[in-house]
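A.B. asks: Following this message is one structure expressed as structure tokens.
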Amino acid sequence: MCIALALVIAPGKTHSQSLDSNYTARGIAPVFDGNISTARTTALTDAQQKAVLTALADQMPLKKLSSSFVTLHNLFISRPDVYVQRFKILNETTLSGNYHILIEAFIEDELMRNDLESIGINGPVQQKMKVLLMIAEASSDKEYSGWWAADPAKRILPVDVGEQMAFFFRERGVGVIDDGTIPFEPLTPNEDELFPGREAVLRVARQAGADIVVLAKASIKQTAAQPGASITQMQCDMSAEVLDVHMRELVLQTATNSLGMHSDQDAAARDAAAKASSRIVEHILDRMLPAISGRHIYALRCTFPGARPESYAQDFFSLLRAALPEIVRIDVRDTTDANVRQADIVSSVDGTTLVQKALRTELGGYKLTLGAVEDTVINLTVTPPETP
């Protein structure tokens with residue numbers, strides 16, 4: 001339930017001179033029947049548990065954290081008082097029927113590390129989730145610019161809100177795809193469109209190794225100031241859509257606005273953009289990591305012996321999908337070999353476990369022979385029922 005990997009909820013992490021590390025985490029709890037006290041206590045516990053979860057994520061790969069979540073929840077996350085050495089409340093408020101509390105928690109790293117080693121699941125630093133950012137920025141004339149624009153003149157970003165957002169993603173441990181490595185041609189938008197078509201975006205993002213794509217629009221404008229004031233006020237209005245690359249669907253829409261103030265107009269604009277970016281990133285990651293934390297992504301490379309593989313492939317993959325509810329999504333595509341089909345799998349179990357179950361499952365007479373495992377690609381030979 002709380003698999004909202006709090007590494008993403010924490011706006012940042014710093015290490016002190018002692019053996020503990022400090023994390024910021026936000027706890028949220030609904031207010032029932034006006035009972036603020038109970039909601040506050042629940043939200044505070046939620047924040048501490050997320051801080052512990054963040055610390056665990058620093059100690060092991062995301063895949064291991066996901067696969068061992070039940071054990072980790074019982075032994076670590078549900079007992080934050082053991083690992084939270086101390087904490088201080090940074091902010092608390094009631095918003096839309098929920099109590100929000102932001103804390104800075106100090107986690108006893110050495111104790112956690114020793115306890116993880118004692119149960120045999122300690123490991124290296126986690127693999128990063130990766131994001132492709134497509135941030136369109138509007139100047140005062142309402143003309144949007146974006147790095148993918150077909151017209152080079154429209155690639156100029158006055159404030160570079162995308163770089164602001166990239167900073168906050170990286171600060172929370174998320175990898176950001178270098179858009180300088182992305183080709184422009186596949187992303188050419190249709191006439192009068194700001195963003196490219198969704199399929200083109202997902203295709204490019206997948207090739208780049210991204211897990212999610214953030215398509216956001218940011219508009220920065222000056223607001224009215226008090227007469228004679230020496231401070232400039234700039235407002236950033238930002239809206240964003242998030243695409244899940246592996247599920248190939250829109251999973252989140254969000255929006256925010258913020259006010260930046262400075263004696264210099266450019267500095268005020270950057271301040272507003274930074275605040276809006278931080279809020280958007282926090283919301284995205286608070287929602288996204290729970291969705292992907294228990295997910296496994298790999299491919300089955302299936303060879304169909306015989307002269308008519310196309311007559312069997314569709315039938316086989318339909319049977320496989322029906323027989324294995326662990327498969328969340330399956331996308332089958334052709335390869336350069338006429339006898340080979342590759343199935344890109346998103347499932348609730350790892351590839352080895354899924355294949356082992358498939359080998360023990362009746363699949364309409366199809367016989368499976370396991371071949372080599374190459375990184376995230378599992379090779380199978382699929383023999384049709386009537387084949388001797």
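So you can find residues: chains in the structure tokens are A, B, ... in the order shown, residues in each start at 1, and ligands are numbered from 1 in order.
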I'd like the contact shell of Gly209 in chain A - 12 Å cut-off, only C-alpha atoms, skipping same-chain residues fewer than 6 positions apart - returned as a JSON list (two decimals) with C-alpha atoms, in the first residue's frame.
C.D. replies:
[["chain", "number", "residue", "atom", "x", "y", "z"],
["A", 128, "LYS", "CA", 17.41, 4.94, -11.45],
["A", 129, "MET", "CA", 14.04, 5.46, -12.99],
["A", 130, "LYS", "CA", 14.50, 7.55, -16.16],
["A", 131, "VAL", "CA", 12.37, 10.39, -17.47],
["A", 132, "LEU", "CA", 12.22, 12.17, -20.82],
["A", 175, "GLY", "CA", 17.70, 9.87, -14.24],
["A", 176, "VAL", "CA", 16.91, 12.48, -16.90],
["A", 177, "ILE", "CA", 17.37, 11.60, -20.58],
["A", 178, "ASP", "CA", 19.68, 14.01, -22.40],
["A", 179, "ASP", "CA", 17.38, 15.53, -25.02],
["A", 181, "THR", "CA", 20.67, 12.76, -28.02],
["A", 182, "ILE", "CA", 17.07, 12.61, -29.29],
["A", 202, "LEU", "CA", 6.46, 6.82, -26.77],
["A", 203, "ARG", "CA", 8.54, 5.24, -29.52],
["A", 245, "VAL", "CA", 6.39, 4.38, -21.62],
["A", 246, "HIS", "CA", 6.02, 0.67, -20.89],
["A", 297, "ILE", "CA", 10.01, -5.37, -17.63]]
A.B. asks: If you run DSSP on the backbone, which residues of range 336-388 of chain A are strand (DSSP E), as a PyMOL selection string?
C.D. replies: chain A and resi 340-347+367-374+377-383
A.B. asks: Could you write those residues out with C-alpha atoms, as a short mmCIF file (atom, residue, chain, number, x, y, z; two decimals), in the first residue's frame?
C.D. replies:
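Output file part.cif is given in full below:
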data_model
loop_
_atom_site.label_atom_id
_atom_site.label_comp_id
_atom_site.auth_asym_id
_atom_site.auth_seq_id
_atom_site.Cartn_x
_atom_site.Cartn_y
_atom_site.Cartn_z
CA VAL A 340 11.03 -14.99 -34.55
CA ARG A 341 8.59 -12.79 -32.65
CA GLN A 342 9.57 -10.66 -29.67
CA ALA A 343 7.07 -10.12 -26.89
CA ASP A 344 7.79 -7.13 -24.68
CA ILE A 345 6.39 -7.99 -21.26
CA VAL A 346 5.30 -5.93 -18.28
CA SER A 347 4.40 -8.24 -15.41
CA LYS A 367 5.69 -26.84 -26.15
CA LEU A 368 8.28 -24.42 -24.77
CA THR A 369 12.04 -24.93 -24.72
CA LEU A 370 14.07 -22.45 -22.71
CA GLY A 371 17.13 -20.99 -24.41
CA ALA A 372 19.74 -18.45 -23.39
CA VAL A 373 18.94 -15.47 -21.18
CA GLU A 374 20.56 -12.30 -22.45
CA VAL A 377 15.74 -10.92 -23.08
CA ILE A 378 14.70 -14.55 -22.54
CA ASN A 379 14.95 -16.85 -25.56
CA LEU A 380 12.29 -19.51 -26.08
CA THR A 381 11.58 -22.04 -28.80
CA VAL A 382 7.83 -22.49 -29.25
CA THR A 383 6.77 -25.72 -30.94
#
A.B. asks: Measuring between only C-alpha atoms, which one of A:Leu72, A:Met247, A:Leu363, A:Ala267 shows the shortest distance to Ala322 in chain A?
C.D. replies: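 The closest residue to Ala322 in chain A is A:Leu363.
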A.B. asks: Could you write out, as an mmCIF file with N, CA and C atoms, in the first residue's frame, all the residues of range 25-140 of chain A that DSSP marks as alpha helix (DSSP H)?
C.D. replies:
data_model
loop_
_atom_site.group_PDB
_atom_site.id
_atom_site.type_symbol
_atom_site.label_atom_id
_atom_site.label_comp_id
_atom_site.auth_asym_id
_atom_site.auth_seq_id
_atom_site.Cartn_x
_atom_site.Cartn_y
_atom_site.Cartn_z
ATOM 1 N N ILE A 36 -8.859 16.495 13.524
ATOM 2 C CA ILE A 36 -7.538 16.931 13.076
ATOM 3 C C ILE A 36 -6.427 16.192 13.813
ATOM 4 N N SER A 37 -6.616 15.946 15.096
ATOM 5 C CA SER A 37 -5.569 15.330 15.915
ATOM 6 C C SER A 37 -5.201 13.938 15.401
ATOM 7 N N THR A 38 -6.222 13.120 15.118
ATOM 8 C CA THR A 38 -5.963 11.770 14.614
ATOM 9 C C THR A 38 -5.311 11.814 13.234
ATOM 10 N N ALA A 39 -5.805 12.710 12.378
ATOM 11 C CA ALA A 39 -5.234 12.833 11.039
ATOM 12 C C ALA A 39 -3.772 13.269 11.112
ATOM 13 N N ARG A 40 -3.472 14.181 12.020
ATOM 14 C CA ARG A 40 -2.089 14.658 12.168
ATOM 15 C C ARG A 40 -1.161 13.526 12.597
ATOM 16 N N THR A 41 -1.609 12.729 13.555
ATOM 17 C CA THR A 41 -0.796 11.598 14.017
ATOM 18 C C THR A 41 -0.559 10.596 12.897
ATOM 19 N N THR A 42 -1.613 10.308 12.126
ATOM 20 C CA THR A 42 -1.488 9.363 11.010
ATOM 21 C C THR A 42 -0.556 9.899 9.937
ATOM 22 N N ALA A 43 -0.676 11.190 9.630
ATOM 23 C CA ALA A 43 0.175 11.803 8.615
ATOM 24 C C ALA A 43 1.637 11.810 9.058
ATOM 25 N N LEU A 44 1.874 12.038 10.327
ATOM 26 C CA LEU A 44 3.243 12.032 10.842
ATOM 27 C C LEU A 44 3.866 10.651 10.734
ATOM 28 N N THR A 45 3.095 9.620 11.050
ATOM 29 C CA THR A 45 3.586 8.246 10.888
ATOM 30 C C THR A 45 3.861 7.937 9.425
ATOM 31 N N ASP A 46 2.966 8.388 8.552
ATOM 32 C CA ASP A 46 3.141 8.186 7.113
ATOM 33 C C ASP A 46 4.444 8.822 6.632
ATOM 34 N N ALA A 47 4.722 10.031 7.093
ATOM 35 C CA ALA A 47 5.951 10.732 6.695
ATOM 36 C C ALA A 47 7.191 9.988 7.182
ATOM 37 N N GLN A 48 7.169 9.499 8.413
ATOM 38 C CA GLN A 48 8.321 8.770 8.934
ATOM 39 C C GLN A 48 8.533 7.454 8.175
ATOM 40 N N GLN A 49 7.447 6.780 7.847
ATOM 41 C CA GLN A 49 7.576 5.532 7.087
ATOM 42 C C GLN A 49 8.160 5.790 5.703
ATOM 43 N N LYS A 50 7.754 6.887 5.084
ATOM 44 C CA LYS A 50 8.298 7.224 3.777
ATOM 45 C C LYS A 50 9.777 7.574 3.865
ATOM 46 N N ALA A 51 10.174 8.212 4.947
ATOM 47 C CA ALA A 51 11.591 8.510 5.136
ATOM 48 C C ALA A 51 12.406 7.221 5.260
ATOM 49 N N VAL A 52 11.871 6.251 6.001
ATOM 50 C CA VAL A 52 12.547 4.955 6.133
ATOM 51 C C VAL A 52 12.617 4.261 4.771
ATOM 52 N N LEU A 53 11.526 4.324 4.017
ATOM 53 C CA LEU A 53 11.496 3.711 2.693
ATOM 54 C C LEU A 53 12.517 4.356 1.767
ATOM 55 N N THR A 54 12.664 5.674 1.864
ATOM 56 C CA THR A 54 13.666 6.379 1.072
ATOM 57 C C THR A 54 15.066 5.902 1.421
ATOM 58 N N ALA A 55 15.321 5.759 2.706
ATOM 59 C CA ALA A 55 16.635 5.287 3.143
ATOM 60 C C ALA A 55 16.901 3.861 2.658
ATOM 61 N N LEU A 56 15.881 3.018 2.683
ATOM 62 C CA LEU A 56 16.038 1.655 2.161
ATOM 63 C C LEU A 56 16.369 1.684 0.673
ATOM 64 N N ALA A 57 15.717 2.595 -0.064
ATOM 65 C CA ALA A 57 15.953 2.685 -1.506
ATOM 66 C C ALA A 57 17.382 3.095 -1.819
ATOM 67 N N LEU A 62 16.227 -0.932 -6.981
ATOM 68 C CA LEU A 62 14.770 -0.816 -6.962
ATOM 69 C C LEU A 62 14.099 -2.170 -7.118
ATOM 70 N N LYS A 63 14.667 -3.020 -7.985
ATOM 71 C CA LYS A 63 14.076 -4.341 -8.221
ATOM 72 C C LYS A 63 14.070 -5.169 -6.935
ATOM 73 N N LYS A 64 15.180 -5.107 -6.191
ATOM 74 C CA LYS A 64 15.249 -5.878 -4.947
ATOM 75 C C LYS A 64 14.328 -5.289 -3.895
ATOM 76 N N LEU A 65 14.236 -3.975 -3.855
ATOM 77 C CA LEU A 65 13.321 -3.332 -2.913
ATOM 78 C C LEU A 65 11.889 -3.766 -3.178
ATOM 79 N N SER A 66 11.530 -3.845 -4.458
ATOM 80 C CA SER A 66 10.170 -4.246 -4.826
ATOM 81 C C SER A 66 9.906 -5.709 -4.471
ATOM 82 N N SER A 67 10.841 -6.592 -4.837
ATOM 83 C CA SER A 67 10.620 -8.020 -4.628
ATOM 84 C C SER A 67 10.625 -8.393 -3.145
ATOM 85 N N PHE A 69 9.512 -6.330 -0.719
ATOM 86 C CA PHE A 69 8.776 -5.266 -0.045
ATOM 87 C C PHE A 69 8.025 -5.737 1.191
ATOM 88 N N VAL A 70 7.403 -6.904 1.108
ATOM 89 C CA VAL A 70 6.625 -7.384 2.265
ATOM 90 C C VAL A 70 7.527 -7.546 3.488
ATOM 91 N N THR A 71 8.681 -8.179 3.272
ATOM 92 C CA THR A 71 9.635 -8.360 4.374
ATOM 93 C C THR A 71 10.129 -7.021 4.901
ATOM 94 N N LEU A 72 10.489 -6.132 3.980
ATOM 95 C CA LEU A 72 11.005 -4.828 4.388
ATOM 96 C C LEU A 72 9.936 -4.015 5.110
ATOM 97 N N PRO A 80 9.114 2.723 12.087
ATOM 98 C CA PRO A 80 9.972 3.891 11.853
ATOM 99 C C PRO A 80 10.658 4.395 13.110
ATOM 100 N N ASP A 81 10.049 4.140 14.272
ATOM 101 C CA ASP A 81 10.655 4.610 15.513
ATOM 102 C C ASP A 81 12.022 3.984 15.773
ATOM 103 N N VAL A 82 12.277 2.810 15.161
ATOM 104 C CA VAL A 82 13.569 2.137 15.346
ATOM 105 C C VAL A 82 14.668 2.840 14.561
ATOM 106 N N TYR A 83 14.334 3.336 13.367
ATOM 107 C CA TYR A 83 15.362 3.862 12.471
ATOM 108 C C TYR A 83 15.354 5.384 12.349
ATOM 109 N N ASP A 109 21.692 5.228 9.576
ATOM 110 C CA ASP A 109 22.160 4.436 8.441
ATOM 111 C C ASP A 109 22.848 3.146 8.862
ATOM 112 N N GLU A 110 23.735 3.254 9.827
ATOM 113 C CA GLU A 110 24.539 2.088 10.203
ATOM 114 C C GLU A 110 23.658 0.973 10.754
ATOM 115 N N LEU A 111 22.698 1.334 11.594
ATOM 116 C CA LEU A 111 21.781 0.343 12.149
ATOM 117 C C LEU A 111 20.980 -0.313 11.028
ATOM 118 N N MET A 112 20.477 0.486 10.097
ATOM 119 C CA MET A 112 19.707 -0.061 8.981
ATOM 120 C C MET A 112 20.583 -0.979 8.130
ATOM 121 N N ARG A 113 21.798 -0.545 7.831
ATOM 122 C CA ARG A 113 22.696 -1.345 7.006
ATOM 123 C C ARG A 113 22.989 -2.691 7.667
ATOM 124 N N ASN A 114 23.252 -2.666 8.955
ATOM 125 C CA ASN A 114 23.540 -3.916 9.673
ATOM 126 C C ASN A 114 22.332 -4.846 9.683
ATOM 127 N N ASP A 115 21.145 -4.279 9.885
ATOM 128 C CA ASP A 115 19.940 -5.101 9.909
ATOM 129 C C ASP A 115 19.651 -5.708 8.535
ATOM 130 N N LEU A 116 19.910 -4.943 7.472
ATOM 131 C CA LEU A 116 19.732 -5.473 6.117
ATOM 132 C C LEU A 116 20.712 -6.615 5.846
ATOM 133 N N GLU A 117 21.939 -6.438 6.281
ATOM 134 C CA GLU A 117 22.935 -7.495 6.088
ATOM 135 C C GLU A 117 22.562 -8.750 6.871
ATOM 136 N N SER A 118 21.956 -8.550 8.025
ATOM 137 C CA SER A 118 21.614 -9.702 8.863
ATOM 138 C C SER A 118 20.528 -10.575 8.250
#
A.B. asks: Would you mind listing what lies within 12 Å of Glu386 in chain A as a PDB file with N, CA and C atoms, in the first residue's frame, with only C-alpha atoms counted and same-chain residues fewer than 6 positions away left out?
C.D. replies:
ATOM      1  N   PRO A 305       9.467 -22.732 -35.028  1.00  0.00           N
ATOM      2  CA  PRO A 305       9.993 -23.556 -36.124  1.00  0.00           C
ATOM      3  C   PRO A 305       8.923 -23.783 -37.187  1.00  0.00           C
ATOM      4  N   GLY A 306       9.363 -23.981 -38.420  1.00  0.00           N
ATOM      5  CA  GLY A 306       8.407 -24.267 -39.490  1.00  0.00           C
ATOM      6  C   GLY A 306       8.294 -23.121 -40.471  1.00  0.00           C
ATOM      7  N   TYR A 312       0.888 -19.286 -36.130  1.00  0.00           N
ATOM      8  CA  TYR A 312       0.909 -19.783 -34.756  1.00  0.00           C
ATOM      9  C   TYR A 312       1.153 -18.685 -33.721  1.00  0.00           C
ATOM     10  N   GLY A 364      -2.466 -24.989 -24.751  1.00  0.00           N
ATOM     11  CA  GLY A 364      -3.088 -25.446 -25.979  1.00  0.00           C
ATOM     12  C   GLY A 364      -2.216 -26.376 -26.803  1.00  0.00           C
ATOM     13  N   GLY A 365      -1.340 -27.122 -26.164  1.00  0.00           N
ATOM     14  CA  GLY A 365      -0.493 -28.059 -26.876  1.00  0.00           C
ATOM     15  C   GLY A 365       0.840 -27.497 -27.332  1.00  0.00           C
ATOM     16  N   TYR A 366       1.067 -26.210 -27.163  1.00  0.00           N
ATOM     17  CA  TYR A 366       2.366 -25.624 -27.516  1.00  0.00           C
ATOM     18  C   TYR A 366       3.414 -26.082 -26.506  1.00  0.00           C
ATOM     19  N   LYS A 367       4.597 -26.405 -26.998  1.00  0.00           N
ATOM     20  CA  LYS A 367       5.694 -26.836 -26.146  1.00  0.00           C
ATOM     21  C   LYS A 367       6.779 -25.767 -26.122  1.00  0.00           C
TER      22      LYS A 367
END
A.B. asks: Using only C-alpha atoms, which of A:Ile212, A:Thr361, A:Lys142, A:Asp151 sits nearest Glu191 in chain A?
C.D. replies: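 For Glu191 in chain A, the nearest of the candidates is A:Asp151.
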